[in-house]
Amino acid sequence: MYLTIFDVIGLFVALIGLVIVIQIFSMWNRVDKSMLKARIFLNDEFLYQNWIYLFLIGSFMTGHQIITILYNFEFFLTIMPFSLIQIINISDMFELICITLIVHLCYRWYKMIIGCVIKD
């Protein structure tokens, strides 16, 4: 098992995402739900970009899993001119992109939700 720079960066990105999600949960009781629904469903661009993010997240996750399965069956070692470290780096890069897209999606939702918080 190799630890790559992508794993370390992915950890920090995931921690940032965790902080964003904790902030969303901490203010959830003070959110005007009807205003949030209106802001989300009246903003076609926001909904469209959410679907794009979900598609990209699924695509990169699928790519990561395919590379991992092929690596475990030693497929790359027999027909591809890649080293083990290159294969692991490509797989980890797909994983990092996926984590980064998830955190960015959470941040977009955070920005949407923070505008709907009821002021005390």
# chains A, B, ... in the order shown; residues from 1 in each chain; ligands from 1
$ residues_around --residues "Ile20 of chain A" --least-positions-apart "6" --cutoff "9 Å" --atoms "only C-alpha atoms" --output "list of chain:residue names"
A:Val103, A:Cys106, A:Tyr107, A:Tyr110
$ write_last_selection --atoms "C-alpha atoms" --output "mmCIF file, in the first residue's frame"
data_model
loop_
_atom_site.group_PDB
_atom_site.id
_atom_site.type_symbol
_atom_site.label_atom_id
_atom_site.label_comp_id
_atom_site.auth_asym_id
_atom_site.auth_seq_id
_atom_site.Cartn_x
_atom_site.Cartn_y
_atom_site.Cartn_z
ATOM 1 C CA VAL A 103 -16.722 19.439 -1.009
ATOM 2 C CA CYS A 106 -21.354 21.130 -0.181
ATOM 3 C CA TYR A 107 -19.921 24.654 -0.244
ATOM 4 C CA TYR A 110 -23.763 26.138 2.262
#
$ select_by_dssp --residues "chain A" --states "alpha helix (DSSP H)" --output "MDAnalysis selection string"
chainID A and resid 5:27 33:41 44:72 75:79 84:114
$ residues_around --residues "Phe25 of chain A" --least-positions-apart "2" --cutoff "12 Å" --atoms "only C-alpha atoms" --output "short mmCIF file (atom, residue, chain, number, x, y, z; two decimals) with C-alpha atoms, in the first residue's frame"
data_model
loop_
_atom_site.label_atom_id
_atom_site.label_comp_id
_atom_site.auth_asym_id
_atom_site.auth_seq_id
_atom_site.Cartn_x
_atom_site.Cartn_y
_atom_site.Cartn_z
CA LEU A 18 -16.56 18.05 7.23
CA VAL A 19 -16.36 21.57 8.67
CA ILE A 20 -18.77 22.86 6.02
CA VAL A 21 -21.27 20.07 6.71
CA ILE A 22 -21.05 20.63 10.48
CA GLN A 23 -21.79 24.33 9.90
CA MET A 27 -27.68 26.33 11.44
CA TRP A 28 -30.32 23.98 9.98
CA ASN A 29 -32.90 24.70 12.73
CA ARG A 30 -32.76 28.43 11.94
CA VAL A 31 -33.29 28.05 8.18
CA CYS A 106 -21.35 21.13 -0.18
CA TRP A 109 -25.25 24.35 -0.75
CA TYR A 110 -23.76 26.14 2.26
CA ILE A 113 -28.52 27.83 2.92
CA ILE A 114 -26.74 30.67 4.71
CA VAL A 117 -31.07 31.66 7.88
#
$ residues_around --residues "Ile9 of chain A" --least-positions-apart "4" --cutoff "8 Å" --atoms "only C-alpha atoms" --output "PyMOL selection string"
chain A and resi 5+13+96
$ write_last_selection --atoms "N, CA and C atoms" --output "PDB file, in the first residue's frame"
ATOM      1  N   ILE A   5       0.760  11.781  -2.405  1.00  0.00           N
ATOM      2  CA  ILE A   5       0.423  13.165  -2.090  1.00  0.00           C
ATOM      3  C   ILE A   5      -1.066  13.405  -2.282  1.00  0.00           C
ATOM      4  N   VAL A  13      -8.815  18.116   2.182  1.00  0.00           N
ATOM      5  CA  VAL A  13     -10.039  18.538   1.496  1.00  0.00           C
ATOM      6  C   VAL A  13     -11.261  17.949   2.195  1.00  0.00           C
ATOM      7  N   LEU A  96      -9.222  11.994  -5.505  1.00  0.00           N
ATOM      8  CA  LEU A  96      -9.075  13.367  -5.030  1.00  0.00           C
ATOM      9  C   LEU A  96     -10.023  14.305  -5.768  1.00  0.00           C
TER      10      LEU A  96
END
$ residues_around --residues "segment 63-76 of chain A" --least-positions-apart "4" --cutoff "12 Å" --atoms "only C-alpha atoms" --output "ChimeraX atom specification"
/A:1,56-59,80-99
$ residues_around --residues "Thr100 of chain A" --least-positions-apart "6" --cutoff "9 Å" --atoms "only C-alpha atoms" --output "PyMOL selection string"
chain A and resi 10+13-14+17
$ write_last_selection --atoms "C-alpha atoms" --output "short mmCIF file (atom, residue, chain, number, x, y, z; two decimals), in the first residue's frame"
data_model
loop_
_atom_site.label_atom_id
_atom_site.label_comp_id
_atom_site.auth_asym_id
_atom_site.auth_seq_id
_atom_site.Cartn_x
_atom_site.Cartn_y
_atom_site.Cartn_z
CA GLY A 10 -7.59 14.40 -0.06
CA VAL A 13 -10.04 18.54 1.50
CA ALA A 14 -12.28 16.02 3.29
CA GLY A 17 -15.86 19.40 3.75
#
$ atom_distance --atom1 "atom CA of Lys111 of chain A" --atom2 "atom CA of Val8 of chain A"
26.5 Å
$ residues_around --residues "Gln49 of chain A" --least-positions-apart "3" --cutoff "12 Å" --atoms "only C-alpha atoms" --output "PyMOL selection string"
chain A and resi 40+43-46+52-56+101+104-105+108-109
$ write_last_selection --atoms "C-alpha atoms" --output "PDB file, in the first residue's frame"
ATOM      1  CA  ILE A  40     -33.368  26.352  -5.001  1.00  0.00           C
ATOM      2  CA  ASN A  43     -32.689  29.010  -9.696  1.00  0.00           C
ATOM      3  CA  ASP A  44     -32.348  26.776 -12.759  1.00  0.00           C
ATOM      4  CA  GLU A  45     -28.596  27.306 -12.921  1.00  0.00           C
ATOM      5  CA  PHE A  46     -28.137  26.016  -9.350  1.00  0.00           C
ATOM      6  CA  ILE A  52     -23.407  18.321 -13.452  1.00  0.00           C
ATOM      7  CA  TYR A  53     -21.509  17.917 -10.165  1.00  0.00           C
ATOM      8  CA  LEU A  54     -23.327  14.663  -9.393  1.00  0.00           C
ATOM      9  CA  PHE A  55     -22.555  13.329 -12.875  1.00  0.00           C
ATOM     10  CA  LEU A  56     -18.858  14.229 -12.565  1.00  0.00           C
ATOM     11  CA  LEU A 101     -16.141  17.997  -6.242  1.00  0.00           C
ATOM     12  CA  HIS A 104     -17.349  22.109  -3.637  1.00  0.00           C
ATOM     13  CA  LEU A 105     -20.960  20.922  -3.971  1.00  0.00           C
ATOM     14  CA  ARG A 108     -22.431  25.711  -2.931  1.00  0.00           C
ATOM     15  CA  TRP A 109     -25.249  24.346  -0.749  1.00  0.00           C
TER      16      TRP A 109
END
$ atom_distance --atom1 "atom CA of Asp32 of chain A" --atom2 "atom CA of Ile16 of chain A"
25.2 Å
$ closest_residue --among "A:Met61, A:Ile102, A:Met35, A:Leu42" --to "Gly115 of chain A" --atoms "only C-alpha atoms"
A:Met35
